[in-house]
file work_35.csv (CSV, C-alpha atoms)
chain,number,residue,atom,x,y,z
N,2,MET,CA,51.6,5.7,63.8
N,3,LYS,CA,50.4,2.1,64.4
N,4,GLY,CA,47.2,3.4,65.9
N,5,GLY,CA,46.6,5.7,62.9
N,6,ILE,CA,47.3,2.9,60.4
N,7,TYR,CA,44.9,0.6,62.2
N,8,PHE,CA,42.2,3.3,62.2
N,9,ASP,CA,42.7,3.9,58.4
N,10,GLU,CA,42.4,0.1,57.7
N,11,LYS,CA,39.2,-0.1,59.7
N,12,LEU,CA,37.7,2.8,57.8
N,13,GLU,CA,38.7,1.2,54.5
N,14,ARG,CA,37.1,-2.1,55.4
N,15,ARG,CA,33.9,-0.4,56.4
N,16,ARG,CA,33.9,1.6,53.1
N,17,LYS,CA,34.3,-1.6,51.1
N,18,ARG,CA,31.6,-3.3,53.1
N,19,MET,CA,29.2,-0.4,52.5
N,20,LEU,CA,30.0,-0.4,48.8
N,21,LYS,CA,29.2,-4.1,48.6
N,22,ILE,CA,25.9,-3.6,50.4
N,23,LYS,CA,25.0,-0.8,48.0
N,24,ILE,CA,25.9,-3.0,45.0
N,25,TYR,CA,23.9,-5.9,46.3
N,26,ALA,CA,21.0,-3.7,47.1
N,27,GLY,CA,21.1,-2.1,43.7
N,28,LEU,CA,21.2,-5.6,42.0
N,29,ALA,CA,18.3,-6.7,44.2
N,30,ALA,CA,16.3,-3.6,43.3
N,31,PHE,CA,17.1,-4.2,39.6
N,32,PHE,CA,15.9,-7.8,39.7
N,33,VAL,CA,12.8,-6.8,41.6
N,34,LEU,CA,12.0,-4.2,38.9
N,35,LEU,CA,12.8,-6.7,36.2
N,36,ILE,CA,10.6,-9.3,37.7
N,37,GLY,CA,7.8,-6.7,38.2
N,38,ALA,CA,8.1,-5.5,34.6
N,39,GLY,CA,8.1,-9.1,33.4
N,40,TYR,CA,5.0,-9.8,35.4
N,41,LEU,CA,3.2,-6.7,34.1
N,42,ILE,CA,4.1,-7.5,30.5
N,43,ILE,CA,3.5,-11.3,30.5
N,44,TYR,CA,0.9,-12.1,33.2
N,45,SER,CA,-1.0,-9.0,34.2
N,46,SER,CA,-3.7,-7.3,32.1
N,47,PHE,CA,-1.8,-4.1,32.0
N,48,PHE,CA,-0.8,-4.5,28.4
N,49,ARG,CA,-3.7,-6.7,27.4
N,50,ILE,CA,-5.8,-5.2,24.5
N,51,THR,CA,-9.4,-4.5,25.5
N,52,ARG,CA,-10.7,-3.4,22.1
N,53,ILE,CA,-9.6,-3.3,18.4
N,54,ASN,CA,-11.5,-0.8,16.3
N,55,ILE,CA,-11.3,-0.9,12.4
N,56,ASN,CA,-12.9,1.7,10.2
N,57,ASN,CA,-15.7,0.7,7.8
N,58,THR,CA,-14.2,-1.1,4.8
N,59,GLN,CA,-15.3,-3.4,2.0
N,60,ILE,CA,-12.4,-5.6,3.0
N,61,ASP,CA,-13.4,-8.3,5.6
N,62,ALA,CA,-12.7,-6.4,8.9
N,63,ASP,CA,-12.5,-9.6,11.1
N,64,LYS,CA,-10.2,-11.3,8.7
N,65,THR,CA,-8.0,-8.3,8.4
N,66,VAL,CA,-7.7,-8.1,12.2
N,67,GLU,CA,-6.8,-11.8,12.4
N,68,ASN,CA,-4.2,-11.4,9.6
N,69,LEU,CA,-2.6,-8.6,11.5
N,70,LYS,CA,-2.5,-10.6,14.7
N,71,SER,CA,-0.8,-13.5,12.9
N,72,PHE,CA,1.6,-11.0,11.2
N,73,PHE,CA,2.8,-9.4,14.4
N,74,VAL,CA,3.0,-12.6,16.3
N,75,GLY,CA,5.3,-13.9,13.6
N,76,GLN,CA,7.8,-11.1,13.9
N,77,SER,CA,9.9,-12.7,16.7
N,78,LYS,CA,10.0,-15.4,19.3
N,79,ILE,CA,9.3,-12.8,22.0
N,80,ALA,CA,6.2,-11.6,20.1
N,81,GLU,CA,5.0,-15.2,19.8
N,82,PHE,CA,5.5,-15.7,23.5
N,83,LEU,CA,3.6,-12.5,24.4
N,84,GLY,CA,0.7,-13.4,22.1
N,85,PRO,CA,-1.5,-11.3,19.7
N,86,GLU,CA,-3.5,-9.7,22.6
N,87,ASN,CA,-0.4,-7.9,23.9
N,88,ILE,CA,-0.4,-4.3,22.7
N,89,LEU,CA,3.4,-4.1,22.8
N,90,ILE,CA,3.8,-6.4,19.8
N,91,TRP,CA,1.6,-4.2,17.5
N,92,LYS,CA,4.3,-2.2,15.9
N,93,PRO,CA,3.1,0.4,13.3
N,94,GLU,CA,6.5,0.7,11.7
N,95,LYS,CA,6.2,-2.8,10.4
N,96,ILE,CA,3.0,-2.2,8.5
N,97,SER,CA,4.7,-1.7,5.1
N,98,GLU,CA,5.8,-5.3,5.3
N,99,PHE,CA,2.2,-6.4,5.9
N,100,ILE,CA,0.7,-4.4,3.0
N,101,LYS,CA,3.0,-6.2,0.5
N,102,ASN,CA,0.9,-9.3,0.9
N,103,TYR,CA,-2.4,-7.4,0.6
N,104,PRO,CA,-2.4,-5.4,-2.6
N,105,GLN,CA,-6.0,-4.3,-2.3
N,106,ILE,CA,-4.9,-2.1,0.7
N,107,ALA,CA,-3.4,1.2,-0.4
N,108,GLU,CA,-2.6,2.4,3.1
N,109,LEU,CA,-3.0,1.0,6.7
N,110,LYS,CA,-2.3,2.9,9.9
N,111,ILE,CA,-2.3,1.7,13.5
N,112,GLU,CA,-2.9,3.9,16.5
N,113,LYS,CA,-2.4,2.6,20.0
N,114,ASN,CA,-3.9,4.0,23.2
N,115,TYR,CA,-1.9,2.5,26.1
N,116,PHE,CA,-4.1,4.1,28.7
N,117,ARG,CA,-7.3,2.5,27.3
N,118,ARG,CA,-5.4,-0.4,25.9
N,119,GLU,CA,-7.1,0.1,22.6
N,120,VAL,CA,-5.9,-0.4,19.0
N,121,LYS,CA,-7.4,1.6,16.2
N,122,ILE,CA,-6.9,0.4,12.6
N,123,ASN,CA,-7.4,2.8,9.7
N,124,VAL,CA,-7.6,1.1,6.3
N,125,LEU,CA,-7.5,3.0,3.0
N,126,GLU,CA,-8.5,0.7,0.1
N,127,ARG,CA,-7.4,1.0,-3.5
N,128,GLU,CA,-10.1,2.6,-5.6
N,129,ARG,CA,-11.2,0.8,-8.7
N,130,PHE,CA,-10.3,2.9,-11.8
N,131,GLY,CA,-10.7,0.2,-14.4
N,132,ILE,CA,-10.2,-3.5,-15.5
N,133,TRP,CA,-7.0,-4.8,-17.1
N,134,CYS,CA,-7.3,-8.0,-19.0
N,135,ALA,CA,-4.1,-9.9,-20.0
N,136,THR,CA,-3.7,-13.5,-21.2
N,137,THR,CA,-6.7,-15.3,-19.6
N,138,SER,CA,-7.3,-13.2,-16.5
N,139,CYS,CA,-8.7,-9.8,-15.7
N,140,TYR,CA,-7.8,-7.5,-12.7
N,141,TRP,CA,-8.9,-4.3,-11.2
N,142,PHE,CA,-6.4,-1.5,-11.3
N,143,ASP,CA,-6.3,1.9,-9.6
N,144,LYS,CA,-5.3,5.4,-10.8
N,145,LYS,CA,-1.7,4.5,-10.1
N,146,GLY,CA,-2.0,1.5,-12.4
N,147,VAL,CA,-1.5,-1.0,-9.6
N,148,ILE,CA,-3.1,-4.4,-10.2
N,149,PHE,CA,-4.8,-5.3,-6.9
N,150,SER,CA,-7.6,-7.9,-7.3
N,151,GLU,CA,-9.2,-10.2,-9.8
N,152,ALA,CA,-12.1,-9.0,-11.8
N,153,LEU,CA,-14.7,-10.4,-14.2
N,154,LYS,CA,-14.2,-9.5,-17.9
N,155,ALA,CA,-16.2,-6.4,-18.7
N,156,GLU,CA,-18.1,-5.9,-22.0
N,157,GLY,CA,-19.4,-2.7,-23.5
N,158,GLN,CA,-18.4,0.8,-22.6
N,159,LEU,CA,-19.5,1.1,-19.0
N,160,ILE,CA,-16.1,0.5,-17.2
N,161,ASN,CA,-12.6,1.7,-18.1
N,162,LYS,CA,-10.9,-1.3,-19.6
N,163,VAL,CA,-7.5,-2.2,-21.2
N,164,ASP,CA,-7.3,-5.4,-23.3
N,165,ASP,CA,-3.6,-6.3,-23.1
N,166,PHE,CA,-2.4,-8.5,-26.0
N,167,SER,CA,1.3,-8.2,-25.2
N,168,GLY,CA,1.3,-11.7,-23.8
N,169,ARG,CA,2.5,-10.7,-20.4
N,170,PHE,CA,1.5,-12.1,-17.0
N,171,LEU,CA,0.5,-9.5,-14.5
N,172,ASN,CA,1.4,-9.7,-10.8
N,173,LEU,CA,-0.9,-8.5,-8.0
N,174,GLY,CA,0.5,-5.5,-6.2
N,175,GLU,CA,2.6,-4.3,-9.1
N,176,PRO,CA,1.8,-1.6,-11.7
N,177,ALA,CA,0.7,-2.7,-15.2
N,178,LEU,CA,3.1,-0.3,-16.9
N,179,GLU,CA,6.0,1.9,-16.2
N,180,GLU,CA,5.1,5.0,-14.3
N,181,LYS,CA,6.0,7.4,-17.2
N,182,PHE,CA,3.4,5.5,-19.4
N,183,LEU,CA,0.8,5.0,-16.7
N,184,SER,CA,0.2,8.7,-16.2
N,185,ASN,CA,-0.5,9.2,-19.9
N,186,LEU,CA,-2.8,6.2,-20.0
N,187,ILE,CA,-4.9,7.6,-17.2
N,188,LYS,CA,-5.0,11.0,-19.0
N,189,ILE,CA,-6.3,9.2,-22.2
N,190,PHE,CA,-9.2,7.8,-20.2
N,191,GLU,CA,-9.9,11.2,-18.7
N,192,ILE,CA,-9.8,12.9,-22.2
N,193,LEU,CA,-12.2,10.3,-23.6
N,194,GLU,CA,-14.5,10.9,-20.7
N,195,LYS,CA,-14.4,14.7,-21.1
N,196,SER,CA,-15.0,14.4,-24.9
N,197,GLY,CA,-18.3,12.8,-24.3
N,198,LEU,CA,-17.5,10.0,-26.9
N,199,LYS,CA,-18.6,7.3,-24.4
N,200,ILE,CA,-15.4,5.3,-25.2
N,201,LYS,CA,-14.0,3.4,-22.2
N,202,SER,CA,-12.1,0.5,-23.9
N,203,LEU,CA,-8.5,0.6,-25.1
N,204,LYS,CA,-6.3,-2.1,-26.7
N,205,LEU,CA,-2.6,-2.5,-26.0
N,206,GLU,CA,-1.5,-4.7,-28.8
N,207,ASN,CA,2.3,-4.4,-28.7
N,208,LEU,CA,4.1,-3.1,-25.6
N,209,GLU,CA,7.2,-2.3,-27.6
N,210,PHE,CA,5.4,0.5,-29.5
N,211,GLN,CA,3.9,2.0,-26.3
N,212,GLU,CA,0.7,2.7,-28.1
N,213,VAL,CA,-3.0,2.1,-27.4
N,214,VAL,CA,-6.0,2.3,-29.7
N,215,THR,CA,-9.7,2.8,-28.8
N,216,ASP,CA,-12.0,-0.2,-29.1
N,217,SER,CA,-15.6,0.9,-30.0
N,218,PRO,CA,-17.7,-0.5,-32.8
N,219,LEU,CA,-19.7,2.8,-33.1
N,220,MET,CA,-16.7,5.1,-33.3
N,221,PRO,CA,-13.5,5.5,-35.5
N,222,LYS,CA,-10.4,4.0,-34.0
N,223,ILE,CA,-8.3,6.6,-32.2
N,224,HIS,CA,-4.6,5.9,-31.8
N,225,PHE,CA,-2.6,7.3,-28.9
N,226,SER,CA,1.0,7.1,-27.9
N,227,LEU,CA,1.8,6.4,-24.3
N,228,ARG,CA,5.1,8.3,-24.7
N,229,ILE,CA,3.6,11.7,-25.0
N,230,ASN,CA,1.2,13.8,-23.0
N,231,PRO,CA,-2.2,13.4,-24.7
N,232,GLU,CA,-3.9,16.6,-23.3
N,233,PHE,CA,-3.8,18.3,-26.8
N,234,ALA,CA,-6.2,15.5,-28.0
N,235,LEU,CA,-9.3,17.0,-26.3
N,236,ALA,CA,-9.3,20.1,-28.5
N,237,VAL,CA,-8.7,17.9,-31.6
N,238,LEU,CA,-11.7,15.6,-30.8
N,239,GLU,CA,-13.9,18.6,-30.1
N,240,SER,CA,-13.0,20.0,-33.6
N,241,LEU,CA,-13.6,16.7,-35.4
N,242,LYS,CA,-17.1,16.5,-33.9
N,243,LYS,CA,-18.1,19.2,-36.4
N,244,ILE,CA,-17.1,16.9,-39.3
N,245,GLY,CA,-19.0,14.0,-37.8
N,246,PHE,CA,-17.2,10.9,-36.4
N,247,GLU,CA,-19.4,8.6,-38.6
N,248,LYS,CA,-17.5,10.0,-41.6
N,249,ILE,CA,-14.0,9.3,-40.2
N,250,GLU,CA,-12.3,5.9,-40.5
N,251,TYR,CA,-9.5,6.6,-37.9
N,252,ILE,CA,-7.8,9.3,-36.0
N,253,ASP,CA,-4.0,9.3,-35.3
N,254,LEU,CA,-2.8,11.2,-32.3
N,255,ARG,CA,0.6,9.5,-31.9
N,256,VAL,CA,2.6,12.6,-32.7
N,257,GLU,CA,2.7,15.4,-30.1
N,258,ASN,CA,0.5,18.4,-30.9
N,259,ARG,CA,-0.4,16.8,-34.3
N,260,ALA,CA,-3.5,15.1,-35.5
N,261,TYR,CA,-4.0,12.9,-38.6
N,262,TYR,CA,-7.3,11.4,-39.7
N,263,LYS,CA,-8.7,9.5,-42.7
N,264,MET,CA,-12.2,9.9,-44.1
N,265,LYS,CA,-14.2,6.9,-45.1
call {"tool": "encode", "arguments": {"input": "work_35.csv", "output": "structure tokens"}}
result
Amino acid sequence: MKGGIYFDEKLERRRKRMLKIKIYAGLAAFFVLLIGAGYLIIYSSFFRITRININNTQIDADKTVENLKSFFVGQSKIAEFLGPENILIWKPEKISEFIKNYPQIAELKIEKNYFRREVKINVLERERFGIWCATTSCYWFDKKGVIFSEALKAEGQLINKVDDFSGRFLNLGEPALEEKFLSNLIKIFEILEKSGLKIKSLKLENLEFQEVVTDSPLMPKIHFSLRINPEFALAVLESLKKIGFEKIEYIDLRVENRAYYKMK
């Protein structure tokens, strides 16, 4: 029995020794892999960007790239340590945060090719629909009503324009009106375009009333409500053409599917 016990203890010691060796070997392999991965990420050119492509845009491409580099580097201490040329810190899921500071950009997508170590940037700019003038400043706005860049004050009837006398201050990157009113405002511009009246200027005098009125010295004033769909107005305007707009003082379209007008 003593011989058997001694033999069992010897096997147990050998088993524990082999287990320790395996553990040490596993830890050693892990640290070797860790060091190797760290070298690849930090010191080698394996993750170093070779080219950044950006689509043709009116926005300064070089400045946009530099702004993106600064943005991604500022996301964390690790990103700052790795630097802007490391493809790993370019995280497409963070782009929505970047766009908040650049309202002239409607959409921005980043595609990464790890094999070629290339970054492709696709920029979709906001399209100019008209100029919104409030207080002492004028701004470009798009079809969604988003104010996105400063503009010069436009005169005449060449560009869609809203003169806002409500006394508000507008913020870049934000819509000029609530969404339910904006869609009707855009429709009003479209109806005036389709009617051939060559009217592109509207006045917003009191925001509480949610109403706008056309501003053209050669045409009667046309009153619209932003609370209702103005599509019925096109047929009304076509009908009043037969009377002659030069004979009409004003047209009131602020009641849905109803039209009122006053002769001079």
call {"tool": "atom_distance", "arguments": {"input": "work_35.csv", "atom1": "CA of Phe182 in chain N", "atom2": "CA of Gly157 in chain N"}}
result
24.6 Å
call {"tool": "atom_distance", "arguments": {"input": "work_35.csv", "atom1": "CA of Val163 in chain N", "atom2": "CA of Cys134 in chain N"}}
result
6.2 Å
call {"tool": "residues_around", "arguments": {"input": "work_35.csv", "residues": "Ala260 in chain N", "least_positions_apart": "4", "cutoff": "12 Å", "atoms": "all atoms listed in the file", "output": "list of chain:residue names"}}
result
N:Ile223, N:His224, N:Phe225, N:Ser226, N:Pro231, N:Phe233, N:Ala234, N:Leu235, N:Ala236, N:Val237, N:Leu238, N:Ser240, N:Leu241, N:Tyr251, N:Ile252, N:Asp253, N:Leu254, N:Arg255, N:Val256
call {"tool": "closest_residue", "arguments": {"input": "work_35.csv", "among": "N:Ala155, N:Ile55, N:Ile79, N:Leu69", "to": "Glu98 in chain N", "atoms": "only C-alpha atoms"}}
result
N:Leu69
call {"tool": "atom_distance", "arguments": {"input": "work_35.csv", "atom1": "CA of Lys242 in chain N", "atom2": "CA of Lys195 in chain N"}}
result
13.2 Å
call {"tool": "residues_around", "arguments": {"input": "work_35.csv", "residues": "Asn123 in chain N", "least_positions_apart": "5", "cutoff": "7 Å", "atoms": "all atoms listed in the file", "output": "list of chain:residue names"}}
result
N:Ile55, N:Asn56, N:Leu109, N:Lys110, N:Ile111
call {"tool": "closest_residue", "arguments": {"input": "work_35.csv", "among": "N:Ile192, N:Ile96, N:Ile90, N:Leu219", "to": "Gly75 in chain N", "atoms": "only C-alpha atoms"}}
result
N:Ile90
call {"tool": "closest_residue", "arguments": {"input": "work_35.csv", "among": "N:Asp165, N:Glu126, N:Glu156, N:Glu180", "to": "Ser217 in chain N", "atoms": "all atoms listed in the file"}}
result
N:Glu156
call {"tool": "closest_residue", "arguments": {"input": "work_35.csv", "among": "N:Phe190, N:Tyr261, N:Tyr115, N:Phe246", "to": "Lys144 in chain N", "atoms": "only C-alpha atoms"}}
result
N:Phe190
call {"tool": "closest_residue", "arguments": {"input": "work_35.csv", "among": "N:Lys145, N:Lys263, N:Arg129, N:Lys101", "to": "Ala177 in chain N", "atoms": "all atoms listed in the file"}}
result
N:Lys145
call {"tool": "residues_near_point", "arguments": {"input": "work_35.csv", "point": "(2.3, -11.4, -11.5)", "cutoff": "12 Å", "atoms": "only C-alpha atoms", "output": "VMD selection string"}}
result
chain N and resid 104 135 to 136 138 to 140 147 to 151 169 to 177
call {"tool": "decode", "arguments": {"input": "work_35.csv", "residues": "range 174-187 of chain N", "atoms": "all heavy atoms", "output": "PDB file, in the first residue's frame"}}
result
ATOM      1  N   GLY N 174     -28.101  75.034 -37.935  1.00  0.00           N
ATOM      2  CA  GLY N 174     -28.321  73.612 -37.696  1.00  0.00           C
ATOM      3  C   GLY N 174     -29.706  73.277 -37.192  1.00  0.00           C
ATOM      4  O   GLY N 174     -30.033  72.097 -37.018  1.00  0.00           O
ATOM      5  N   GLU N 175     -30.529  74.295 -36.959  1.00  0.00           N
ATOM      6  CA  GLU N 175     -31.879  74.059 -36.459  1.00  0.00           C
ATOM      7  C   GLU N 175     -32.909  74.513 -37.488  1.00  0.00           C
ATOM      8  O   GLU N 175     -32.655  75.426 -38.270  1.00  0.00           O
ATOM      9  CB  GLU N 175     -32.105  74.801 -35.137  1.00  0.00           C
ATOM     10  CG  GLU N 175     -31.214  74.320 -34.001  1.00  0.00           C
ATOM     11  CD  GLU N 175     -31.486  75.053 -32.705  1.00  0.00           C
ATOM     12  OE1 GLU N 175     -32.391  75.915 -32.696  1.00  0.00           O
ATOM     13  OE2 GLU N 175     -30.793  74.766 -31.712  1.00  0.00           O
ATOM     14  N   PRO N 176     -34.103  73.897 -37.506  1.00  0.00           N
ATOM     15  CA  PRO N 176     -35.152  74.332 -38.444  1.00  0.00           C
ATOM     16  C   PRO N 176     -35.698  75.699 -38.049  1.00  0.00           C
ATOM     17  O   PRO N 176     -35.771  76.038 -36.869  1.00  0.00           O
ATOM     18  CB  PRO N 176     -36.210  73.237 -38.318  1.00  0.00           C
ATOM     19  CG  PRO N 176     -35.974  72.627 -36.977  1.00  0.00           C
ATOM     20  CD  PRO N 176     -34.508  72.728 -36.719  1.00  0.00           C
ATOM     21  N   ALA N 177     -36.096  76.469 -39.051  1.00  0.00           N
ATOM     22  CA  ALA N 177     -36.614  77.814 -38.790  1.00  0.00           C
ATOM     23  C   ALA N 177     -38.018  77.782 -38.208  1.00  0.00           C
ATOM     24  O   ALA N 177     -38.428  78.719 -37.525  1.00  0.00           O
ATOM     25  CB  ALA N 177     -36.600  78.627 -40.081  1.00  0.00           C
ATOM     26  N   LEU N 178     -38.757  76.706 -38.490  1.00  0.00           N
ATOM     27  CA  LEU N 178     -40.120  76.552 -37.989  1.00  0.00           C
ATOM     28  C   LEU N 178     -40.346  75.119 -37.543  1.00  0.00           C
ATOM     29  O   LEU N 178     -39.527  74.240 -37.843  1.00  0.00           O
ATOM     30  CB  LEU N 178     -41.141  76.900 -39.087  1.00  0.00           C
ATOM     31  CG  LEU N 178     -41.253  78.342 -39.571  1.00  0.00           C
ATOM     32  CD1 LEU N 178     -42.201  78.395 -40.760  1.00  0.00           C
ATOM     33  CD2 LEU N 178     -41.752  79.253 -38.460  1.00  0.00           C
ATOM     34  N   GLU N 179     -41.456  74.895 -36.864  1.00  0.00           N
ATOM     35  CA  GLU N 179     -41.838  73.529 -36.526  1.00  0.00           C
ATOM     36  C   GLU N 179     -42.105  72.745 -37.803  1.00  0.00           C
ATOM     37  O   GLU N 179     -42.538  73.304 -38.811  1.00  0.00           O
ATOM     38  CB  GLU N 179     -43.091  73.525 -35.651  1.00  0.00           C
ATOM     39  CG  GLU N 179     -42.903  74.143 -34.274  1.00  0.00           C
ATOM     40  CD  GLU N 179     -44.197  74.104 -33.480  1.00  0.00           C
ATOM     41  OE1 GLU N 179     -44.859  73.047 -33.476  1.00  0.00           O
ATOM     42  OE2 GLU N 179     -44.551  75.133 -32.886  1.00  0.00           O
ATOM     43  N   GLU N 180     -41.860  71.446 -37.753  1.00  0.00           N
ATOM     44  CA  GLU N 180     -41.978  70.596 -38.940  1.00  0.00           C
ATOM     45  C   GLU N 180     -43.352  70.693 -39.591  1.00  0.00           C
ATOM     46  O   GLU N 180     -43.469  70.735 -40.827  1.00  0.00           O
ATOM     47  CB  GLU N 180     -41.674  69.146 -38.568  1.00  0.00           C
ATOM     48  CG  GLU N 180     -41.664  68.204 -39.757  1.00  0.00           C
ATOM     49  CD  GLU N 180     -41.314  66.789 -39.360  1.00  0.00           C
ATOM     50  OE1 GLU N 180     -40.960  66.568 -38.183  1.00  0.00           O
ATOM     51  OE2 GLU N 180     -41.402  65.902 -40.230  1.00  0.00           O
ATOM     52  N   LYS N 181     -44.422  70.751 -38.801  1.00  0.00           N
ATOM     53  CA  LYS N 181     -45.780  70.779 -39.362  1.00  0.00           C
ATOM     54  C   LYS N 181     -46.038  72.049 -40.151  1.00  0.00           C
ATOM     55  O   LYS N 181     -46.895  72.080 -41.050  1.00  0.00           O
ATOM     56  CB  LYS N 181     -46.811  70.627 -38.245  1.00  0.00           C
ATOM     57  CG  LYS N 181     -46.748  71.706 -37.168  1.00  0.00           C
ATOM     58  CD  LYS N 181     -47.772  71.429 -36.078  1.00  0.00           C
ATOM     59  CE  LYS N 181     -47.691  72.465 -34.961  1.00  0.00           C
ATOM     60  NZ  LYS N 181     -48.675  72.199 -33.882  1.00  0.00           N
ATOM     61  N   PHE N 182     -45.333  73.144 -39.827  1.00  0.00           N
ATOM     62  CA  PHE N 182     -45.477  74.392 -40.574  1.00  0.00           C
ATOM     63  C   PHE N 182     -44.506  74.462 -41.747  1.00  0.00           C
ATOM     64  O   PHE N 182     -44.814  75.067 -42.780  1.00  0.00           O
ATOM     65  CB  PHE N 182     -45.262  75.592 -39.652  1.00  0.00           C
ATOM     66  CG  PHE N 182     -46.209  75.650 -38.489  1.00  0.00           C
ATOM     67  CD1 PHE N 182     -45.760  75.981 -37.219  1.00  0.00           C
ATOM     68  CD2 PHE N 182     -47.558  75.372 -38.661  1.00  0.00           C
ATOM     69  CE1 PHE N 182     -46.631  76.033 -36.148  1.00  0.00           C
ATOM     70  CE2 PHE N 182     -48.445  75.421 -37.591  1.00  0.00           C
ATOM     71  CZ  PHE N 182     -47.984  75.747 -36.334  1.00  0.00           C
ATOM     72  N   LEU N 183     -43.355  73.859 -41.595  1.00  0.00           N
ATOM     73  CA  LEU N 183     -42.337  73.919 -42.639  1.00  0.00           C
ATOM     74  C   LEU N 183     -42.798  73.263 -43.932  1.00  0.00           C
ATOM     75  O   LEU N 183     -42.555  73.781 -45.027  1.00  0.00           O
ATOM     76  CB  LEU N 183     -41.051  73.242 -42.158  1.00  0.00           C
ATOM     77  CG  LEU N 183     -40.126  74.096 -41.300  1.00  0.00           C
ATOM     78  CD1 LEU N 183     -39.023  73.246 -40.703  1.00  0.00           C
ATOM     79  CD2 LEU N 183     -39.540  75.241 -42.102  1.00  0.00           C
ATOM     80  N   SER N 184     -43.447  72.113 -43.826  1.00  0.00           N
ATOM     81  CA  SER N 184     -43.873  71.409 -45.036  1.00  0.00           C
ATOM     82  C   SER N 184     -44.859  72.258 -45.832  1.00  0.00           C
ATOM     83  O   SER N 184     -44.805  72.303 -47.069  1.00  0.00           O
ATOM     84  CB  SER N 184     -44.503  70.057 -44.670  1.00  0.00           C
ATOM     85  OG  SER N 184     -45.643  70.236 -43.838  1.00  0.00           O
ATOM     86  N   ASN N 185     -45.733  72.970 -45.141  1.00  0.00           N
ATOM     87  CA  ASN N 185     -46.683  73.844 -45.827  1.00  0.00           C
ATOM     88  C   ASN N 185     -45.986  75.068 -46.427  1.00  0.00           C
ATOM     89  O   ASN N 185     -46.367  75.543 -47.501  1.00  0.00           O
ATOM     90  CB  ASN N 185     -47.792  74.282 -44.880  1.00  0.00           C
ATOM     91  CG  ASN N 185     -48.759  73.155 -44.557  1.00  0.00           C
ATOM     92  OD1 ASN N 185     -48.968  72.253 -45.371  1.00  0.00           O
ATOM     93  ND2 ASN N 185     -49.348  73.182 -43.380  1.00  0.00           N
ATOM     94  N   LEU N 186     -44.974  75.570 -45.744  1.00  0.00           N
ATOM     95  CA  LEU N 186     -44.218  76.707 -46.281  1.00  0.00           C
ATOM     96  C   LEU N 186     -43.546  76.340 -47.604  1.00  0.00           C
ATOM     97  O   LEU N 186     -43.600  77.100 -48.577  1.00  0.00           O
ATOM     98  CB  LEU N 186     -43.167  77.162 -45.267  1.00  0.00           C
ATOM     99  CG  LEU N 186     -42.267  78.315 -45.736  1.00  0.00           C
ATOM    100  CD1 LEU N 186     -43.064  79.622 -45.783  1.00  0.00           C
ATOM    101  CD2 LEU N 186     -41.057  78.465 -44.828  1.00  0.00           C
ATOM    102  N   ILE N 187     -42.917  75.171 -47.644  1.00  0.00           N
ATOM    103  CA  ILE N 187     -42.263  74.718 -48.871  1.00  0.00           C
ATOM    104  C   ILE N 187     -43.298  74.547 -49.984  1.00  0.00           C
ATOM    105  O   ILE N 187     -43.046  74.920 -51.150  1.00  0.00           O
ATOM    106  CB  ILE N 187     -41.509  73.390 -48.630  1.00  0.00           C
ATOM    107  CG1 ILE N 187     -40.427  73.570 -47.555  1.00  0.00           C
ATOM    108  CG2 ILE N 187     -40.889  72.891 -49.925  1.00  0.00           C
ATOM    109  CD1 ILE N 187     -39.391  74.609 -47.855  1.00  0.00           C
TER     110      ILE N 187
END
